[in-house]
Structures are given as C-alpha cells and as structure tokens.
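Shown below: upload08.cif, with mmCIF, C-alpha atoms.
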```cif
data_protein
loop_
_atom_site.label_atom_id
_atom_site.label_comp_id
_atom_site.auth_asym_id
_atom_site.auth_seq_id
_atom_site.Cartn_x
_atom_site.Cartn_y
_atom_site.Cartn_z
CA MET A 1 113.86 99.37 108.83
CA ASP A 2 115.92 97.93 106.00
CA MET A 3 114.09 97.96 102.71
CA PRO A 4 114.89 96.26 99.40
CA ASP A 5 116.30 98.51 96.70
CA THR A 6 113.84 100.05 94.29
CA LEU A 7 114.14 101.38 90.79
CA ASP A 8 115.64 104.80 90.21
CA THR A 9 112.67 107.05 89.45
CA PRO A 10 112.13 110.81 89.49
CA THR A 11 112.05 112.31 92.98
CA GLY A 12 111.56 116.00 92.31
CA ALA A 13 108.45 117.60 93.76
CA ASP A 14 106.39 119.62 91.32
CA THR A 15 105.00 122.47 93.40
CA SER A 16 103.67 124.44 90.47
CA ASP A 17 101.15 121.78 89.47
CA ILE A 18 98.77 120.56 92.15
CA SER A 19 97.55 117.97 89.65
CA ILE A 20 93.81 118.37 90.04
CA GLY A 21 91.95 116.10 87.63
CA LYS A 22 92.65 112.75 86.01
CA ASN A 23 96.10 111.17 85.96
CA ASN A 24 96.16 110.51 82.21
CA GLN A 25 98.42 113.25 80.93
CA SER A 26 101.40 112.46 78.74
CA TRP A 27 104.52 111.57 80.69
CA ALA A 28 108.17 111.56 79.64
CA CYS A 29 109.43 108.27 81.03
CA THR A 30 113.02 108.08 82.23
CA THR A 31 113.00 104.33 83.04
CA THR A 32 111.25 101.18 81.83
CA GLY A 33 109.53 100.53 85.15
CA ILE A 34 106.86 102.04 87.39
CA GLU A 35 107.59 105.71 88.05
CA MET A 36 106.29 107.84 90.93
CA MET A 37 106.21 111.62 90.72
CA GLU A 38 105.86 113.49 94.01
CA LYS A 39 103.58 116.47 93.47
CA GLN A 40 103.28 119.53 95.71
CA SER A 41 105.72 118.27 98.35
CA ARG A 42 108.38 115.60 98.55
CA LEU A 43 107.93 112.67 100.89
CA PRO A 44 109.70 113.18 104.23
CA THR A 45 112.38 110.50 103.74
CA THR A 46 113.92 108.24 101.11
CA GLU A 47 112.68 105.28 103.14
CA ASN A 48 109.11 106.56 102.81
CA ARG A 49 109.58 106.59 99.06
CA GLN A 50 111.09 103.11 98.99
CA TYR A 51 108.29 101.67 101.08
CA LEU A 52 105.49 103.18 98.99
CA HIS A 53 107.23 102.39 95.70
CA ILE A 54 107.39 98.70 96.60
CA LYS A 55 103.65 98.66 97.39
CA VAL A 56 102.73 100.61 94.26
CA GLU A 57 104.93 98.51 91.98
CA TYR A 58 103.27 95.31 93.19
CA ALA A 59 99.75 96.79 93.04
CA MET A 60 100.28 97.88 89.43
CA ARG A 61 100.17 94.23 88.34
CA PHE A 62 96.47 94.00 89.04
CA PRO A 63 93.62 95.05 86.73
CA GLN A 64 90.14 96.39 87.23
CA ILE A 65 87.71 93.48 87.37
CA SER A 66 84.00 92.89 87.87
CA ALA A 67 82.43 91.44 91.00
CA THR A 68 79.14 89.62 90.54
CA VAL A 69 76.45 88.76 93.08
CA ARG A 70 74.52 85.88 91.58
CA HIS A 71 71.55 85.87 93.96
CA ASN A 72 70.52 89.39 92.94
CA GLY A 73 72.27 89.82 89.59
CA LYS A 74 74.32 92.80 90.81
CA THR A 75 77.67 93.61 89.22
CA TYR A 76 80.14 96.34 90.07
CA GLN A 77 83.68 97.27 89.23
CA MET A 78 86.69 96.74 91.49
CA ASN A 79 89.93 98.71 91.12
CA LEU A 80 92.39 96.11 92.37
CA LYS A 81 95.38 98.44 92.18
CA GLN A 82 94.00 100.71 94.90
CA ILE A 83 92.58 97.83 96.94
CA MET A 84 95.83 95.87 96.75
CA MET A 85 97.98 98.80 97.87
CA SER A 86 95.68 99.53 100.81
CA GLY A 87 95.57 95.86 101.78
CA LEU A 88 99.35 95.49 101.75
CA ILE A 89 99.75 98.47 104.08
CA LEU A 90 96.92 97.22 106.30
CA ALA A 91 98.67 93.86 106.66
CA ASP A 92 101.84 95.65 107.81
CA GLU A 93 99.77 97.60 110.33
CA ILE A 94 98.11 94.47 111.71
CA ALA A 95 101.47 92.68 111.98
CA ARG A 96 102.62 95.46 114.34
CA ASN A 97 99.34 95.95 116.20
CA TYR A 98 99.04 99.29 114.38
CA TYR A 99 102.27 100.67 115.89
CA TRP A 100 103.52 101.56 112.41
CA TYR A 101 104.57 104.60 110.41
CA TYR A 102 102.06 104.03 107.63
CA LYS A 103 98.27 104.09 108.05
CA SER A 104 95.95 102.93 105.29
CA GLU A 105 92.75 104.86 104.52
CA VAL A 106 92.28 106.66 107.84
CA SER A 107 88.79 108.19 108.09
CA PHE A 108 88.79 111.85 109.19
CA ASP A 109 85.83 113.74 110.65
CA MET A 110 85.49 116.83 108.47
CA ARG A 111 83.07 118.52 110.90
CA THR A 112 85.88 119.49 113.29
CA THR A 113 88.78 121.94 113.01
CA PRO A 114 91.22 120.48 112.33
CA PRO A 115 89.54 117.33 111.03
CA ARG A 116 90.25 114.55 113.50
CA PRO A 117 90.76 110.85 112.78
CA PHE A 118 88.04 108.45 113.84
CA LEU A 119 89.44 106.01 116.39
CA SER A 120 88.19 102.48 116.97
CA SER A 121 84.93 102.45 118.89
CA THR A 122 85.17 98.75 119.70
CA LEU A 123 88.57 99.17 121.39
CA LEU A 124 87.66 102.24 123.48
CA LYS A 125 87.24 100.30 126.71
CA LYS A 126 90.34 98.15 126.15
CA ASP A 127 92.86 100.69 124.83
CA GLY A 128 91.35 104.09 125.69
CA ALA A 129 92.98 107.12 124.10
CA GLY A 130 95.83 104.97 122.78
CA ARG A 131 93.61 102.87 120.54
CA ARG A 132 94.17 102.56 116.80
CA HIS A 133 92.29 104.38 114.06
CA THR A 134 89.04 102.77 112.99
CA THR A 135 89.06 100.44 110.01
CA ASN A 136 85.31 100.93 109.54
CA ARG A 137 84.82 102.61 106.19
CA PHE A 138 81.58 104.18 107.46
CA PRO A 139 82.31 105.27 111.05
CA VAL A 140 79.18 107.44 111.30
CA PRO A 141 76.05 107.60 109.13
CA GLY A 142 75.66 110.41 106.62
CA LYS A 143 77.33 111.90 103.58
CA GLY A 144 80.09 114.50 103.41
CA ILE A 145 81.14 113.81 106.99
CA TYR A 146 84.48 112.09 106.42
CA ARG A 147 87.39 111.77 104.03
CA ARG A 148 89.77 108.82 103.66
CA PRO A 149 93.21 109.74 102.26
CA ASP A 150 95.11 106.79 100.80
CA VAL A 151 98.00 106.90 103.28
CA ILE A 152 98.94 108.79 106.44
CA ILE A 153 102.60 108.76 107.48
CA VAL A 154 103.07 109.49 111.18
CA LYS A 155 106.01 110.98 113.04
CA ASP A 156 106.12 108.48 115.90
CA LYS A 157 105.06 104.89 115.20
CA GLN A 158 104.62 104.25 118.94
CA ASP A 159 101.81 106.81 118.96
CA ARG A 160 98.79 105.37 117.12
CA TRP A 161 97.13 108.79 116.75
CA PRO A 162 97.36 109.71 113.01
CA GLY A 163 96.27 113.35 113.09
CA LEU A 164 97.23 116.90 113.99
CA ALA A 165 97.21 118.04 117.62
CA GLY A 166 93.74 118.07 119.13
CA PRO A 167 91.10 116.13 121.06
CA ASP A 168 89.59 112.81 120.06
CA THR A 169 85.86 112.13 120.30
CA GLU A 170 86.15 111.56 124.07
CA GLY A 171 87.98 114.85 124.61
CA GLU A 172 91.40 113.25 125.20
CA MET A 173 94.17 115.49 123.84
CA HIS A 174 96.76 114.21 121.39
CA VAL A 175 99.99 115.73 120.15
CA ASP A 176 100.61 116.40 116.47
CA ASN A 177 101.66 113.09 114.92
CA LEU A 178 100.84 113.69 111.24
CA ALA A 179 104.00 113.80 109.17
CA ARG A 180 102.44 113.48 105.73
CA LEU A 181 99.13 112.88 103.97
CA VAL A 182 99.74 110.92 100.77
CA GLU A 183 97.20 110.62 97.98
CA VAL A 184 98.16 108.02 95.36
CA LYS A 185 96.86 108.45 91.83
CA PHE A 186 97.22 105.43 89.61
CA PRO A 187 96.85 105.90 85.83
CA GLY A 188 93.31 107.09 85.10
CA ASP A 189 92.54 108.07 88.72
CA THR A 190 91.06 111.50 89.38
CA LEU A 191 91.83 114.00 92.15
CA TYR A 192 88.81 116.27 92.46
CA GLU A 193 89.12 119.87 93.57
CA ASP A 194 86.81 119.49 96.58
CA GLN A 195 88.72 116.36 97.59
CA TYR A 196 92.02 118.27 97.42
CA LYS A 197 90.66 121.18 99.49
CA GLU A 198 89.42 118.86 102.22
CA TYR A 199 92.72 117.00 102.32
CA MET A 200 94.40 120.35 102.80
CA LYS A 201 92.13 120.97 105.81
CA ILE A 202 93.30 117.65 107.30
CA VAL A 203 96.94 118.87 107.16
CA GLY A 204 96.09 122.33 108.54
CA ARG A 205 96.38 123.92 105.06
CA ASN A 206 100.11 123.27 105.19
CA ARG A 207 101.17 122.41 101.63
CA THR A 208 104.38 120.75 102.83
CA ARG A 209 102.38 118.09 104.67
CA MET A 210 100.59 116.74 101.63
CA THR A 211 102.12 114.72 98.80
CA ILE A 212 100.30 113.65 95.66
CA LEU A 213 101.93 110.57 94.18
CA GLU A 214 101.28 110.30 90.46
CA ILE A 215 101.96 106.79 89.19
CA HIS A 216 103.11 106.26 85.61
CA ASP A 217 103.53 102.90 83.93
CA CYS A 218 106.68 103.20 81.84
CA ARG A 219 107.09 99.52 81.08
CA PRO A 220 107.09 98.48 77.42
CA GLN A 221 103.63 97.50 76.24
CA GLU A 222 104.40 93.78 76.25
CA GLN A 223 105.49 94.00 79.89
CA GLN A 224 102.78 96.21 81.33
CA TRP A 225 100.65 93.35 82.60
CA VAL A 226 103.43 92.11 84.89
CA ASP A 227 106.82 93.29 86.10
CA GLN A 228 110.02 92.51 84.24
CA VAL A 229 111.27 89.87 86.67
CA VAL A 230 108.44 87.37 86.12
CA ASN A 231 106.89 88.30 82.78
CA VAL A 232 107.87 85.11 80.95
CA THR A 233 106.58 82.92 83.78
CA MET A 234 103.32 84.85 83.95
CA LYS A 235 102.75 84.54 80.21
CA ASN A 236 103.16 80.77 80.48
CA TRP A 237 100.75 80.71 83.44
CA LYS A 238 98.14 82.76 81.63
CA THR A 239 97.99 80.32 78.71
CA SER A 240 98.22 77.16 80.86
CA GLY A 241 94.94 77.65 82.73
CA ALA A 242 96.62 76.74 86.04
CA LYS A 243 94.96 77.94 89.24
CA TYR A 244 98.15 78.88 91.09
CA TRP A 245 100.03 82.15 91.03
CA PRO A 246 103.50 81.09 89.79
CA LEU A 247 105.18 84.07 91.46
CA PHE A 248 108.36 83.32 93.34
CA LEU A 249 108.15 86.88 94.64
CA TYR A 250 105.84 87.11 97.63
CA PRO A 251 103.62 90.18 98.05
CA PRO A 252 105.48 92.96 99.89
CA ILE A 253 104.07 92.42 103.39
CA PHE A 254 106.90 92.89 105.87
CA ILE A 255 106.99 91.32 109.32
CA PRO A 256 108.82 93.11 112.14
CA ARG A 257 111.74 90.61 112.28
CA PRO A 258 113.61 90.48 110.04
CA PRO A 259 112.21 93.68 108.55
CA SER A 260 113.11 93.03 104.93
CA THR A 261 111.68 89.49 104.73
CA PRO A 262 108.34 89.22 102.89
CA VAL A 263 105.64 87.13 104.53
CA ALA A 264 105.06 83.78 102.84
CA ALA A 265 101.69 84.50 101.22
CA ARG A 266 100.25 84.27 97.74
CA ILE A 267 97.60 86.43 96.19
CA GLU A 268 94.61 84.43 94.96
CA PRO A 269 94.41 83.80 91.18
CA TRP A 270 90.94 85.38 90.78
CA THR A 271 92.63 88.77 91.06
CA TYR A 272 93.99 88.30 87.56
CA ALA A 273 91.21 86.15 86.14
CA GLY A 274 90.14 88.70 83.54
CA LYS A 275 86.49 87.82 84.11
CA ALA A 276 83.71 88.53 86.60
CA VAL A 277 84.36 87.04 90.05
CA SER A 278 81.56 85.57 92.16
CA ASP A 279 80.84 86.04 95.85
CA LEU A 280 82.45 83.33 98.00
CA SER A 281 79.72 83.39 100.65
CA GLU A 282 77.03 82.35 98.14
CA GLY A 283 78.30 78.79 98.18
CA ALA A 284 76.98 76.44 95.51
CA ILE A 285 74.12 77.60 93.31
CA CYS A 286 72.63 75.00 90.95
CA GLY A 287 75.48 72.70 91.98
CA VAL A 288 78.24 75.15 91.03
CA ALA A 289 80.28 77.02 93.66
CA GLU A 290 81.76 79.73 91.46
CA GLY A 291 83.20 81.77 94.34
CA TRP A 292 84.89 78.69 95.81
CA ASN A 293 86.22 77.61 92.41
CA ALA A 294 87.91 81.01 92.01
CA LEU A 295 90.29 80.13 94.86
CA SER A 296 93.55 78.20 94.67
CA LYS A 297 93.64 74.59 95.83
CA ASP A 298 95.78 75.58 98.83
CA THR A 299 93.23 78.11 100.03
CA GLN A 300 90.34 75.72 99.44
CA GLN A 301 92.15 73.18 101.59
CA ALA A 302 92.79 75.78 104.31
CA LEU A 303 89.10 76.71 104.40
CA SER A 304 87.65 73.22 104.03
CA SER A 305 87.61 72.36 107.75
CA THR A 306 85.73 75.47 108.89
CA ALA A 307 83.90 76.56 105.74
CA GLY A 308 83.64 73.49 103.53
CA TRP A 309 79.91 74.16 103.16
CA LEU A 310 80.87 76.86 100.65
CA ASN A 311 81.55 74.04 98.18
CA ASP A 312 78.38 72.14 98.98
CA GLY A 313 74.75 72.49 97.98
CA GLY A 314 72.42 73.16 100.91
CA GLU A 315 71.16 75.76 103.33
CA TRP A 316 71.60 76.91 106.91
CA LEU A 317 68.57 76.07 109.06
CA TYR A 318 67.87 77.39 112.54
CA GLN A 319 66.79 75.17 115.45
CA GLN A 320 65.20 77.64 117.83
CA GLY A 321 64.89 75.24 120.76
CA ASN A 322 68.61 74.46 120.67
CA GLN A 323 69.70 77.95 119.54
CA LEU A 324 71.65 76.19 116.85
CA TRP A 325 72.37 76.76 113.15
CA VAL A 326 72.68 73.48 111.23
CA TRP A 327 73.98 73.00 107.70
CA ALA A 328 71.36 71.03 105.78
CA SER A 329 73.42 69.52 102.98
CA LYS A 330 71.72 68.34 99.81
CA THR A 331 74.62 66.02 99.07
CA GLY A 332 75.51 64.76 102.54
CA LYS A 333 79.20 65.44 102.00
CA TYR A 334 79.52 68.14 104.69
CA VAL A 335 78.07 68.26 108.21
CA THR A 336 78.50 71.19 110.59
CA SER A 337 76.64 73.41 113.04
CA TRP A 338 77.14 76.63 114.99
CA THR A 339 75.50 77.71 118.24
CA ASP A 340 74.29 81.25 118.81
CA ALA A 341 76.95 81.60 121.51
CA GLN A 342 79.74 80.55 119.13
CA ILE A 343 78.56 82.96 116.44
CA LYS A 344 78.27 85.83 118.90
CA ALA A 345 81.74 85.16 120.40
CA ALA A 346 83.24 85.13 116.91
CA TRP A 347 81.38 88.35 116.05
CA VAL A 348 82.97 90.10 119.03
CA GLU A 349 86.44 89.09 117.81
CA ILE A 350 85.59 90.18 114.25
CA GLN A 351 84.43 93.56 115.57
CA HIS A 352 87.64 94.04 117.56
CA ALA A 353 89.67 93.35 114.42
CA THR A 354 87.59 95.32 111.90
CA ASP A 355 85.26 97.73 113.79
CA MET A 356 82.44 96.26 111.71
CA THR A 357 78.97 97.31 112.91
CA LEU A 358 75.61 95.65 112.30
CA ASP A 359 74.72 98.44 109.89
CA MET A 360 77.92 97.80 107.94
CA LEU A 361 77.35 94.03 107.99
CA LYS A 362 73.84 94.48 106.62
CA GLN A 363 75.28 96.18 103.52
CA VAL A 364 77.82 93.44 102.70
CA ASP A 365 76.82 91.70 99.48
CA TRP A 366 80.12 90.31 98.17
CA VAL A 367 83.24 88.78 99.74
CA GLN A 368 86.32 86.99 98.46
CA VAL A 369 89.59 85.85 100.04
CA MET A 370 92.56 87.85 98.73
CA THR A 371 95.34 86.04 100.61
CA ILE A 372 95.99 84.07 103.78
CA ILE A 373 98.91 85.33 105.86
CA ALA A 374 99.17 82.45 108.30
CA LYS A 375 102.51 83.03 110.06
CA PRO A 376 103.32 85.10 111.98
CA VAL A 377 100.43 87.51 111.34
CA GLY A 378 97.53 85.06 111.47
CA ILE A 379 95.05 86.96 109.29
CA VAL A 380 93.10 86.51 106.10
CA LEU A 381 92.85 89.56 103.85
CA VAL A 382 89.38 89.61 102.35
CA ALA A 383 87.90 91.96 99.77
CA VAL A 384 84.38 92.95 100.80
CA GLY A 385 81.67 94.74 98.82
CA ILE A 386 79.78 97.13 101.10
CA GLY A 387 77.03 99.21 99.59
CA GLY A 388 78.68 99.12 96.17
CA LEU A 389 82.15 100.04 97.48
CA MET A 390 85.12 97.71 97.92
CA LYS A 391 87.01 97.48 101.20
CA MET A 392 89.87 95.28 102.39
CA LEU A 393 89.46 93.70 105.83
CA GLY A 394 91.95 91.76 107.94
CA ILE A 395 90.04 88.85 109.51
CA PRO A 396 91.79 86.74 112.20
CA ILE A 397 92.37 83.33 110.69
CA VAL A 398 90.76 81.60 113.70
CA VAL A 399 87.37 83.18 112.90
CA ILE A 400 87.42 83.25 109.09
CA GLY A 401 84.90 80.38 108.97
CA ALA A 402 82.58 82.25 111.32
CA PHE A 403 83.01 85.46 109.30
CA LEU A 404 81.95 83.76 106.06
CA LEU A 405 78.99 82.17 107.84
CA ILE A 406 77.93 85.51 109.33
CA VAL A 407 78.07 87.16 105.90
CA ARG A 408 75.95 84.34 104.45
CA LEU A 409 73.36 84.64 107.23
CA ALA A 410 73.35 88.43 106.94
CA ILE A 411 72.30 88.04 103.30
CA ARG A 412 69.85 85.17 103.76
CA ALA A 413 68.46 85.55 107.32
CA TRP A 414 69.22 89.10 108.43
CA ARG A 415 66.55 89.58 111.09
CA HIS A 416 67.39 86.28 112.81
CA LEU A 417 71.12 87.04 112.75
CA ALA A 418 70.76 90.66 113.87
CA ALA A 419 68.66 89.57 116.84
CA ILE A 420 71.37 87.11 117.88
CA LEU A 421 74.30 89.48 117.46
CA SER A 422 72.61 92.40 119.20
CA ALA A 423 71.16 90.44 122.13
CA GLY A 424 72.66 90.46 125.62
CA ALA A 425 73.30 87.49 127.83
CA GLY A 426 70.54 84.91 128.20
CA THR A 427 67.92 83.73 125.76
CA VAL A 428 68.21 85.19 122.29
CA PRO A 429 64.95 86.75 121.04
CA LEU A 430 64.16 85.97 117.42
CA ALA A 431 62.20 88.08 115.00
CA ALA A 432 60.25 86.49 112.19
CA ASP A 433 61.77 86.93 108.72
#
```

As structure tokens:
Amino acid sequence: MDMPDTLDTPTGADTSDISIGKNNQSWACTTTGIEMMEKQSRLPTTENRQYLHIKVEYAMRFPQISATVRHNGKTYQMNLKQIMMSGLILADEIARNYYWYYKSEVSFDMRTTPPRPFLSSTLLKKDGAGRRHTTNRFPVPGKGIYRRPDVIIVKDKQDRWPGLAGPDTEGEMHVDNLARLVEVKFPGDTLYEDQYKEYMKIVGRNRTRMTILEIHDCRPQEQQWVDQVVNVTMKNWKTSGAKYWPLFLYPPIFIPRPPSTPVAARIEPWTYAGKAVSDLSEGAICGVAEGWNALSKDTQQALSSTAGWLNDGGEWLYQQGNQLWVWASKTGKYVTSWTDAQIKAAWVEIQHATDMTLDMLKQVDWVQVMTIIAKPVGIVLVAVGIGGLMKMLGIPIVVIGAFLLIVRLAIRAWRHLAAILSAGAGTVPLAAD
C-alpha cells in the first residue's frame, strides 16, 4: 500500500531500556515535529512505521477533555490521543472487513498459554473460525482475565487471527499470525511492569515481537496544539467561535482504493472544545441539548431525520398494546416512533458490528459522535463511556438513530428495553420498572 511521506524521525531501537514507567523523561529532539522512538525492537517494516506515524501525528492534536453526564452529575476524563489513534485504525479495519495488517486493541485471554485473542461471539455462526477479533472491550466478566495492547500487526492480512499459533475458544487451530505487538506511549502515559510482563506472554516471551513506541512532541511550544501545516488556520478558528473544523487535511483513514486517499470525513469540533462535553443521548434537559449543540451543523443535519428528538424536549413512552415506543414531544416539533421489532432488528445489526452485549449496554452512560464516514465505509465512529472507560465503536450509519435510541432507553428504561432485546420471537414480555 502506498503511504504518504512522513517526517524523518529516529528509527533506532533501544534494547537496553525497556521503558517501564511514565513517558515523561527528557528527550533530545532531532526535528520540530512528532518523534517516535522504537523501544526494545524495531517495527518489522518501514511501511509499518509510516502507517503508525501518520496515525500518531494526527492523534497528537487532541487534548484530554472531560465528559459529563448531566442526569447523574458524573464526570470523567477522556484521553483523546489514545482514543483517536485507536479509532483511526478501527476505521481502516472496518473499511476492509477486518482483512487488514493492523488490529486495534485486541483483547487477549491471559488464562491460556499462549494468551489467545478473543474472537467475535456474534459472528461465530456466520464466519466460524475465520471471524474477526471481538471489539467488545469486556469479552468475559471478571478482572485480570484479559489485556488489550494498543496495536497488533499481523503477518497475513487475509488471515483475521491476530495471535500466536494455537486453538481458539472452539478448539479450532490457527497458525502463528502475530508479527508484532505495539504499545504506544504518548507523553505522560505509563507502562506498568505487570502490563509489560503480560504483553511479553502474548508474544511468547520473544522480545523481538514487541515494540514500545515512545511518542515525543518536539514541536515549538506555539505549535504544539496543532501541526505546522494548519497552525495559523487553527488559531483563527479557535478565536472565531466557529463550530466547524477548518482542516483541509482529512483524518488519516485510508480506503482500499486508491490506498493513499483519505476518506472525506471531519472530526467533530467538541474534540477540541477545551471544556466538558455532554452526553448526546441525553437530548434536551431544561430546554438545552448540550450534547447536540456540541456537534457541527453538518452532523446535526445528518442525524436530524433519524435522531432529531435529541434536539427536542420530551420523553419516550411505551405503548404496550402496540409494542411501540413513541416520542412524546413537549414542543411538537418532532414526531417519531419505533416498534419493538424495529429496535430488535437494529440491535442485531449493532451487535454484529460491535459485539456489544446487554451487560455492556447496561454500563453505557455517555456517547458522542466523533465522525461520520459516509462513503465508502458507511459508519459513524462514536466515543462511548462504559463503566468509566472510553471506547470507540464503529456503528453502521443505517442504524445510528436506533443506536442512540437504544442507549437512551438503556439509561431511562433498562428493564423494559432488556426484556425486548433478550426476548425470542412472539410477544415481548415486559418487566415493571
């Protein structure tokens, strides 16, 4: 795959320093850009380095921000650098149906030797042993069971297995397809000793199969909030109060043909708002839809037909006799309804795309649209707060309205929704809230 040129940065692997601890040590910059130092082992190819450098360089533009949940007063921090990098790689995976060299945040089962990747449970019947890795951040309940390295590079992109040789959970054998485990440490990130040791188990204790990428921001202070190409434009945008990203550079999400053409997508302006960002699914509270207002006008327009209720005061009411959810607007400006069958059909498609379970859905308390990648990928990247952790999901654009509704109902009417989503064919039993 042809890749755009990247800056000349150090490529030497430092095998004497495993770099346990926080990435905040002094660094002798050799450029005025974003530098990557490969620790322990060099990446397999120059192309690997180019690909990851492009993702890292873009992700470095984004700060740590606060996410707020107004209905319960909860606030937690979101490291957008890490989330952005993972989301950009995930988008590339989705664009190729996961037949891709780079895998974002693969969960490994640490109870086996060697640790094996968790594969999608929702696609077992459809794809069998050739199914993709799960995108569920919590594939099984419990603590200390799994690890999620930042990136796995595989040997053969046509083989979706991202681990060493061994059996999957169904006993199907797979050949060794793990070329490199990559752990990315942005400035201030910490690599803990137990984390390092478990990553080494994932690669069979082979030091040459693990690379620690230390990221150093060597831009001059006045340029560190944006890259050199667009800094003047971004400064003007920041003082103007405009709601649009003025970037003429699209995020580095690459479609299969042509390989070096970025997808026409824009990252939402809330990612650089510099203030707490509200949950989109909350809709309007006291007449103000803060989550909706954090989006660009283009995205609001794209969502208005299927999720316009997010910008309206009201509530979802259930008509049991009709098995129908109806939006009861306080303003009368938006009218819509969803049947149980429609919600359940959309849930099946959401599960196939994300491996989301009911237990995972129950823990969602914050969601925001990151970007819409309409053509040719057809997904919406959403940032989701699950149990206090942030995760990027790729939601098919055709069910984004249903996804936002399901999140809203999961927060406001969990027992009703869970009964609908877990019921079989026929009448849906309802439990009292």

> What does the distance between CA of Pro396 in chain A and CA of Val369 in chain A come to in Å, to one decimal place?
Replying inline: 12.4 Å

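Nearest-residue note for Ser422 in chain A: choosing from A:Ile34, A:Met110, A:Val182, A:Ile343, the minimum distance belongs to A:Ile343, counting only C-alpha atoms.
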
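Contact shell of range 166-170 of chain A at 8 Å (only C-alpha atoms; same-chain neighbours under 4 positions omitted): Pro114, Arg116, Pro117, Phe118, Leu119, Ala129, His174, Val175 and Asp176 of chain A.
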
>> Here's a test: counting all atoms listed in the file, identify every protein, DNA and RNA residue with an atom at most 12 Å from (76.9, 88.0, 113.1) in the file's coordinate frame, and state them as number ranges by chain.
In response: A: 338-351, 356-362, 364, 399, 401-411, 413-423

>> Which residues, named as in the file, does the PyMOL selection byres ((chain A and resi 72) around 12) pick out? Answer as a ChimeraX atom specification.
In response: /A:68-71,73-75,278-279,282,365-366,411-412

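Here CA of Pro149 in chain A and CA of Leu80 in chain A stand 16.9 Å from one another.
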
>> When the PyMOL selection byres ((chain A and resi 203) around 8) is applied to the structure above, which residues does it catch, written out as number ranges by chain?
In response: A: 114, 164, 178, 180-181, 199-202, 204-207, 209-210

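Going from CA of Gly188 in chain A over to CA of Ser104 in chain A, you cover 20.8 Å.
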
> What residues come out when you apply the PyMOL selection byres ((chain A and resi 211) around 10) to this file, written as a ChimeraX atom specification?
Replying inline: /A:13-15,18,37-44,151,180-184,207-210,212-214

Next, the residues of the selection above should be written as a compact mmCIF listing (two decimals), keeping the file's coordinate frame with C-alpha atoms.
```txt
# COMPACT_ATOMS: atom_id res chain seq x y z
CA ALA A 13 108.45 117.60 93.76
CA ASP A 14 106.39 119.62 91.32
CA THR A 15 105.00 122.47 93.40
CA ILE A 18 98.77 120.56 92.15
CA MET A 37 106.21 111.62 90.72
CA GLU A 38 105.86 113.49 94.01
CA LYS A 39 103.58 116.47 93.47
CA GLN A 40 103.28 119.53 95.71
CA SER A 41 105.72 118.27 98.35
CA ARG A 42 108.38 115.60 98.55
CA LEU A 43 107.93 112.67 100.89
CA PRO A 44 109.70 113.18 104.23
CA VAL A 151 98.00 106.90 103.28
CA ARG A 180 102.44 113.48 105.73
CA LEU A 181 99.13 112.88 103.97
CA VAL A 182 99.74 110.92 100.77
CA GLU A 183 97.20 110.62 97.98
CA VAL A 184 98.16 108.02 95.36
CA ARG A 207 101.17 122.41 101.63
CA THR A 208 104.38 120.75 102.83
CA ARG A 209 102.38 118.09 104.67
CA MET A 210 100.59 116.74 101.63
CA ILE A 212 100.30 113.65 95.66
CA LEU A 213 101.93 110.57 94.18
CA GLU A 214 101.28 110.30 90.46
```

Axis-aligned box over every listed atom of range 283-295 of chain A, padded by 8 Å per side: centre and edges in Å to one decimal, as lines of an AutoDock Vina configuration file?
```
center_x = 81.5
center_y = 77.2
center_z = 94.6
size_x = 33.7
size_y = 25.1
size_z = 23.2
```

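The nearest approach to Ser66 in chain A among the residues A:Val277, A:Ala179, A:Ile215, A:Leu124, with only C-alpha atoms taken into account, belongs to A:Val277.
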
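Excluding Val288 in chain A itself and same-chain residues fewer than 5 positions from it, the residues having an atom within 10 Å of it are Gly283, Asn293, Asn311, Asp312 and Gly313 of chain A, counting all atoms listed in the file.
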
>> Residues proximal to (86.8, 96.2, 110.4) were defined as those with any atom within 8 Å of that point in the file's coordinates, counting all atoms listed in the file. Which are they, as a PyMOL selection string?
In response: chain A and resi 134-137+350-356+393-394

Please, could you write that set of residues out with C-alpha atoms as an mmCIF file, keeping the file's coordinate frame?
```cif
data_model
loop_
_atom_site.group_PDB
_atom_site.id
_atom_site.type_symbol
_atom_site.label_atom_id
_atom_site.label_comp_id
_atom_site.auth_asym_id
_atom_site.auth_seq_id
_atom_site.Cartn_x
_atom_site.Cartn_y
_atom_site.Cartn_z
ATOM 1 C CA THR A 134 89.040 102.770 112.990
ATOM 2 C CA THR A 135 89.060 100.440 110.010
ATOM 3 C CA ASN A 136 85.310 100.930 109.540
ATOM 4 C CA ARG A 137 84.820 102.610 106.190
ATOM 5 C CA ILE A 350 85.590 90.180 114.250
ATOM 6 C CA GLN A 351 84.430 93.560 115.570
ATOM 7 C CA HIS A 352 87.640 94.040 117.560
ATOM 8 C CA ALA A 353 89.670 93.350 114.420
ATOM 9 C CA THR A 354 87.590 95.320 111.900
ATOM 10 C CA ASP A 355 85.260 97.730 113.790
ATOM 11 C CA MET A 356 82.440 96.260 111.710
ATOM 12 C CA LEU A 393 89.460 93.700 105.830
ATOM 13 C CA GLY A 394 91.950 91.760 107.940
#
```
